[in-house]
Amino acid sequence: MALRLAVASRSVLPSSHDCAQLSGIQSGSVAKGFEVEDCNRLWKGVRNVGSSSEKRRRGRSGFGWRAQATSGTQSKPAVEPVGFNDGSSTRFAPLINGCWTLAGGHGRIVESEIVQVMEMYARSGLTSFDTADIYGPSESILGAFRERWVKESEQSDGSRDVQVFTKFCPNIFRMKMTPQVVEQSIRRSMAALGVQKLDLVQMHWWDYDIPGMVDVAKSLADLREKGLITSVGVTNMSTEALAQIVDAGVPVVCNQVQFSMLDQRPRTAMLKYCEERDIKLFTYGTLAGGLLSNRYLEEGKKSLFGKVKYTTPDLNTSSLKMYWRIVREAGGEDYWRKLLSALGEIAAAKEVSISAVALRWAMQQGPVHPIVGLRNATHLDDNLTALTFTLGAAEIDKIEEVLRTSRGPSGDCYEMERS
């Protein structure tokens with residue numbers, strides 16, 4: 001069975017939305033000793049949700065759709081694949097599994113266990129993965145996953161294709177990006193992953209003041225014509241920059257940007273532009289590293305002076321530190337807690353989790369396909385559940401009432417990060 005694969009070309013600088021800090025990120029080695037929860041235990045039975053207050057806090061987490069990794073007997077929602085606008089045969093899952101957590105700053109991992117987790121996601125129908133060579137050992141881990149997946153597929157007829165997408169983030173500060181340099185990078189990634197053709201390459205450009213952005217995008221389009229990659233995308237592009245590339249004749253299929261209830265910048269212009277051209281928006285940060293989840297929902301306790309106090313968030317991952325900046329831009333902890341409270345009420349009424357509501361909200365904004373970090377299988381239920389319901393007008397209004405009080409971040413996609 002064919003397994004379509006796409007990777008970013010070799011680069012020096014990590015994407016700042018995936019690796020908030022360069023420190024601690026080591027490429028090419030897997031940290032030892034991280035204990036991913038036992039995969040078999042994760043996929044058995046239904047957890048007891050308990051009291052009504054606990055049910056509100058946790059939502060439907062634990063009720064969901066645990067597909068049995070071995071027997072396939074557990075019922076699960078159908079995951080309808082989506083296609084690109086360039087006529088390619090690539091079909092991908094509406095929710096994409098993000099592998100930036102393998103780059104460092106999110107705990108230690110064991111390769112064999114994370115490969116098992118990847119298999120669980122793929123067998124559930126979430127067959128699409130987002131990675132890059134700058135994500136530490138993620139390419140080598142996905143290579144091991146790919147090898148195992150293909151081997152098992154040869155022994156059964158029930159498996160489906162798997163797609164792996166990633167980004168091309170060239171070090172434009174140190175070297176000139178000629179067509180030859182771009183092709184060499186693409187071929188190195190092809191060789192590293194043992195594939196003959198990449199499924200999708202998404203280009204990032206660090207600084208608009210450095211010339212060559214459109215030319216490099218056209219080089220990727222040439223490699224598409226040459227048969228080395230299937231589709232061309234971009235990442236962290238503003239609406240103006242994306243329009244320049246599209247107007248140059250590059251068949252862009254997607255733009256990967258940050259988008260959540262905390263970061264509404266794509267609603268300024270990007271969503272409308274992409275919807276009119278059937279360009280998909282792959283969105284990271286839709287759950288803000290977990291800040292938009294039941295984990296942080298609490299009632300709060302009043303102090304002697306009447307001020308409500310909450311547990312101080314433990315920002316113990318690179319993602320949480322990065323997205324906490326977005327919380328501050330949006331209105332600070334008070335705004336975040338107000339949003340969580342509204343989402344908690346909606347989630348409790350629908351018997352789903354806050355994360356599922358946050359994902360569903362984003363997907364109802366336009367051609368949006370969230371990228372959700374994959375580190376273990378504990379959140380697979382929430383991801384799948386987000387595909388099983390729709391938010392009604394009253395629920396959307398309840399969310400919008402809070403969102404209208406947001407202070408930021410303002411501007412177009414990735415504008416703040418470039419300033």
# chains A, B, ... in the order shown; residues from 1 in each chain; ligands from 1
>>> closest_atom_pairs(of="stretch 329-379 of chain A", to="stretch 398-408 of chain A", cutoff="12 Å", atoms="only C-alpha atoms", output="CSV")
residue,atom,partner,partner_atom,distance
A:Glu329,CA,A:Gly408,CA,5.2
A:Ala330,CA,A:Gly408,CA,4.4
A:Gly331,CA,A:Arg407,CA,5.5
A:Gly332,CA,A:Arg407,CA,9.1
A:Glu333,CA,A:Ser406,CA,11.6
A:Asp334,CA,A:Ser406,CA,10.7
A:Tyr335,CA,A:Ser406,CA,7.3
A:Trp336,CA,A:Ser406,CA,9.5
A:Arg337,CA,A:Val402,CA,10.5
A:Lys338,CA,A:Val402,CA,7.3
A:Leu339,CA,A:Val402,CA,6.2
A:Leu340,CA,A:Val402,CA,9.8
A:Ser341,CA,A:Val402,CA,10.0
A:Ala342,CA,A:Ile399,CA,6.7
A:Leu343,CA,A:Ile399,CA,7.2
A:Gly344,CA,A:Ile399,CA,10.7
A:Glu345,CA,A:Lys398,CA,9.8
A:Ile346,CA,A:Lys398,CA,8.6
A:Ala347,CA,A:Ile399,CA,11.6
A:Ile354,CA,A:Ile399,CA,12.0
A:Val357,CA,A:Ile399,CA,10.2
A:Ala358,CA,A:Ile399,CA,9.9
A:Trp361,CA,A:Ile399,CA,8.9
A:Ala362,CA,A:Ile399,CA,11.6
A:Gln365,CA,A:Glu400,CA,12.0
>>> residues_around(residues="A:Cys274", least_positions_apart="4", cutoff="12 Å", atoms="only C-alpha atoms", output="PyMOL selection string")
chain A and resi 85+237-240+242-243+246+252-257+266-270+278-282+365-368
>>> select_by_dssp(residues="stretch 202-399 of chain A", states="alpha helix (DSSP H)", output="PyMOL selection string")
chain A and resi 213-226+239-247+270-277+318-330+332-350+354-363+380-385+393-399
>>> write_last_selection(atoms="C-alpha atoms", output="compact mmCIF listing (two decimals), in the first residue's frame")
# COMPACT_ATOMS: atom_id res chain seq x y z
CA MET A 213 10.62 34.67 -1.38
CA VAL A 214 8.57 34.40 -4.56
CA ASP A 215 11.49 32.91 -6.52
CA VAL A 216 11.95 30.16 -3.94
CA ALA A 217 8.23 29.41 -4.01
CA LYS A 218 8.48 29.12 -7.80
CA SER A 219 11.44 26.75 -7.36
CA LEU A 220 9.22 24.50 -5.27
CA ALA A 221 6.57 24.68 -7.97
CA ASP A 222 9.23 23.62 -10.49
CA LEU A 223 10.11 20.64 -8.29
CA ARG A 224 6.43 19.76 -8.29
CA GLU A 225 6.50 19.71 -12.09
CA LYS A 226 9.69 17.67 -11.91
CA THR A 239 -2.30 37.72 3.40
CA GLU A 240 -0.21 40.09 1.30
CA ALA A 241 2.74 37.70 1.07
CA LEU A 242 0.47 34.78 0.21
CA ALA A 243 -1.16 36.86 -2.53
CA GLN A 244 2.26 37.67 -4.02
CA ILE A 245 3.10 33.97 -4.26
CA VAL A 246 -0.31 33.00 -5.65
CA ASP A 247 -0.24 35.84 -8.18
CA MET A 270 -6.62 35.45 5.75
CA LEU A 271 -9.76 33.35 6.16
CA LYS A 272 -11.67 35.24 3.49
CA TYR A 273 -8.74 35.18 1.05
CA CYS A 274 -8.21 31.43 1.47
CA GLU A 275 -11.89 30.52 1.34
CA GLU A 276 -12.31 32.36 -1.96
CA ARG A 277 -9.42 30.37 -3.47
CA SER A 318 7.93 25.25 25.33
CA SER A 319 4.45 25.43 23.84
CA LEU A 320 2.83 26.61 27.07
CA LYS A 321 5.44 29.34 27.49
CA MET A 322 4.91 30.48 23.91
CA TYR A 323 1.11 30.47 24.04
CA TRP A 324 1.04 32.23 27.40
CA ARG A 325 2.35 35.24 25.50
CA ILE A 326 -0.76 35.00 23.35
CA VAL A 327 -2.91 34.88 26.50
CA ARG A 328 -1.29 38.11 27.67
CA GLU A 329 -1.88 39.74 24.29
CA ALA A 330 -5.52 38.63 24.24
CA GLY A 332 -4.40 38.30 30.28
CA GLU A 333 -5.43 35.62 32.73
CA ASP A 334 -8.83 37.20 33.48
CA TYR A 335 -9.80 37.02 29.80
CA TRP A 336 -8.51 33.46 29.54
CA ARG A 337 -10.46 32.34 32.62
CA LYS A 338 -13.63 34.01 31.32
CA LEU A 339 -13.21 32.19 28.00
CA LEU A 340 -12.60 28.86 29.74
CA SER A 341 -15.74 29.33 31.82
CA ALA A 342 -17.88 29.93 28.73
CA LEU A 343 -16.34 26.97 26.93
CA GLY A 344 -16.82 24.80 30.00
CA GLU A 345 -20.54 25.50 30.04
CA ILE A 346 -20.87 24.66 26.35
CA ALA A 347 -18.75 21.52 26.73
CA ALA A 348 -20.75 20.29 29.72
CA ALA A 349 -24.05 20.80 27.90
CA LYS A 350 -22.82 18.85 24.88
CA ILE A 354 -13.34 22.06 26.09
CA SER A 355 -10.64 20.99 23.63
CA ALA A 356 -13.25 19.43 21.36
CA VAL A 357 -15.28 22.66 21.45
CA ALA A 358 -12.18 24.75 20.67
CA LEU A 359 -11.30 22.54 17.70
CA ARG A 360 -14.88 22.51 16.43
CA TRP A 361 -15.12 26.31 16.67
CA ALA A 362 -11.98 26.74 14.55
CA MET A 363 -13.18 24.27 11.94
CA LEU A 380 -7.15 11.06 20.84
CA ASP A 381 -10.74 10.93 22.12
CA ASP A 382 -11.06 14.71 22.17
CA ASN A 383 -9.68 15.01 18.64
CA LEU A 384 -12.09 12.45 17.23
CA THR A 385 -15.04 13.82 19.18
CA ALA A 393 -25.87 29.59 16.68
CA ALA A 394 -26.51 30.18 20.39
CA GLU A 395 -23.25 28.47 21.31
CA ILE A 396 -21.31 30.46 18.74
CA ASP A 397 -22.88 33.66 20.08
CA LYS A 398 -21.86 32.74 23.62
CA ILE A 399 -18.26 32.33 22.48
>>> atom_distance(atom1="atom CA of A:Met190", atom2="atom CA of A:Val162")
16.0 Å
>>> atom_distance(atom1="atom CA of A:Gln364", atom2="atom CA of A:Arg160")
26.5 Å
>>> closest_residue(among="A:Ile229, A:Pro77, A:Tyr121, A:Phe84", to="A:Thr378", atoms="only C-alpha atoms")
A:Tyr121
>>> residues_around(residues="A:Leu193", least_positions_apart="6", cutoff="8 Å", atoms="only C-alpha atoms", output="JSON, numbers by chain")
{"A": [139, 140, 143]}
>>> atom_distance(atom1="atom CA of A:Thr90", atom2="atom CA of A:Ser128")
10.5 Å
>>> residues_around(residues="A:Trp205", least_positions_apart="3", cutoff="8 Å", atoms="only C-alpha atoms", output="list of chain:residue names")
A:Cys169, A:Pro170, A:Ile172, A:Tyr208, A:Met213, A:Asn236, A:Met237
>>> write_last_selection(atoms="N, CA, C and O atoms", output="short mmCIF file (atom, residue, chain, number, x, y, z; two decimals), in the first residue's frame")
data_model
loop_
_atom_site.label_atom_id
_atom_site.label_comp_id
_atom_site.auth_asym_id
_atom_site.auth_seq_id
_atom_site.Cartn_x
_atom_site.Cartn_y
_atom_site.Cartn_z
N CYS A 169 11.94 25.65 5.74
CA CYS A 169 12.30 26.88 6.47
C CYS A 169 13.77 27.19 6.23
O CYS A 169 14.62 26.95 7.10
N PRO A 170 14.13 27.72 5.08
CA PRO A 170 15.54 27.90 4.72
C PRO A 170 16.21 28.99 5.55
O PRO A 170 15.56 29.96 5.97
N ILE A 172 17.74 31.82 5.30
CA ILE A 172 17.94 32.89 4.32
C ILE A 172 18.91 33.95 4.82
O ILE A 172 19.34 34.82 4.05
N TYR A 208 10.57 39.40 5.28
CA TYR A 208 10.10 39.88 3.99
C TYR A 208 11.07 40.89 3.36
O TYR A 208 10.99 41.14 2.14
N MET A 213 11.72 35.51 -1.86
CA MET A 213 10.62 34.67 -1.38
C MET A 213 9.81 34.06 -2.53
O MET A 213 9.58 32.84 -2.57
N ASN A 236 3.05 30.53 7.89
CA ASN A 236 3.23 31.83 8.54
C ASN A 236 3.30 33.00 7.56
O ASN A 236 3.96 34.01 7.82
N MET A 237 2.62 32.89 6.45
CA MET A 237 2.57 33.98 5.49
C MET A 237 1.42 34.93 5.82
O MET A 237 0.33 34.49 6.18
#
>>> closest_residue(among="A:Thr230, A:Thr388, A:Gln258, A:Asn376", to="A:Asp86", atoms="only C-alpha atoms")
A:Thr230
>>> residues_around(residues="A:Gly125", least_positions_apart="3", cutoff="8 Å", atoms="only C-alpha atoms", output="list of chain:residue names")
A:Ala78, A:Val79, A:Ala93, A:Tyr121, A:Ala122
>>> write_last_selection(atoms="C-alpha atoms", output="PDB file, in the first residue's frame")
ATOM      1  CA  ALA A  78     -15.932   8.193  10.426  1.00  0.00           C
ATOM      2  CA  VAL A  79     -13.063  10.488   9.465  1.00  0.00           C
ATOM      3  CA  ALA A  93      -7.540  13.880   7.593  1.00  0.00           C
ATOM      4  CA  TYR A 121      -3.863   7.761  15.568  1.00  0.00           C
ATOM      5  CA  ALA A 122      -3.511   6.482  12.013  1.00  0.00           C
TER       6      ALA A 122
END
>>> closest_residue(among="A:Ala103, A:Leu228, A:Met118, A:Met177", to="A:Leu198", atoms="only C-alpha atoms")
A:Leu228
>>> residues_around(residues="A:Phe173", least_positions_apart="3", cutoff="10 Å", atoms="only C-alpha atoms", output="MDAnalysis selection string")
chainID A and resid 13 170 176:177 206:207 210
>>> select_by_dssp(residues="stretch 302-392 of chain A", states="strand (DSSP E or B)", output="list in words")
Lys302, Val308, Lys309, Val368, His369, Pro370, Ile371, Val372 and Gly373 of chain A
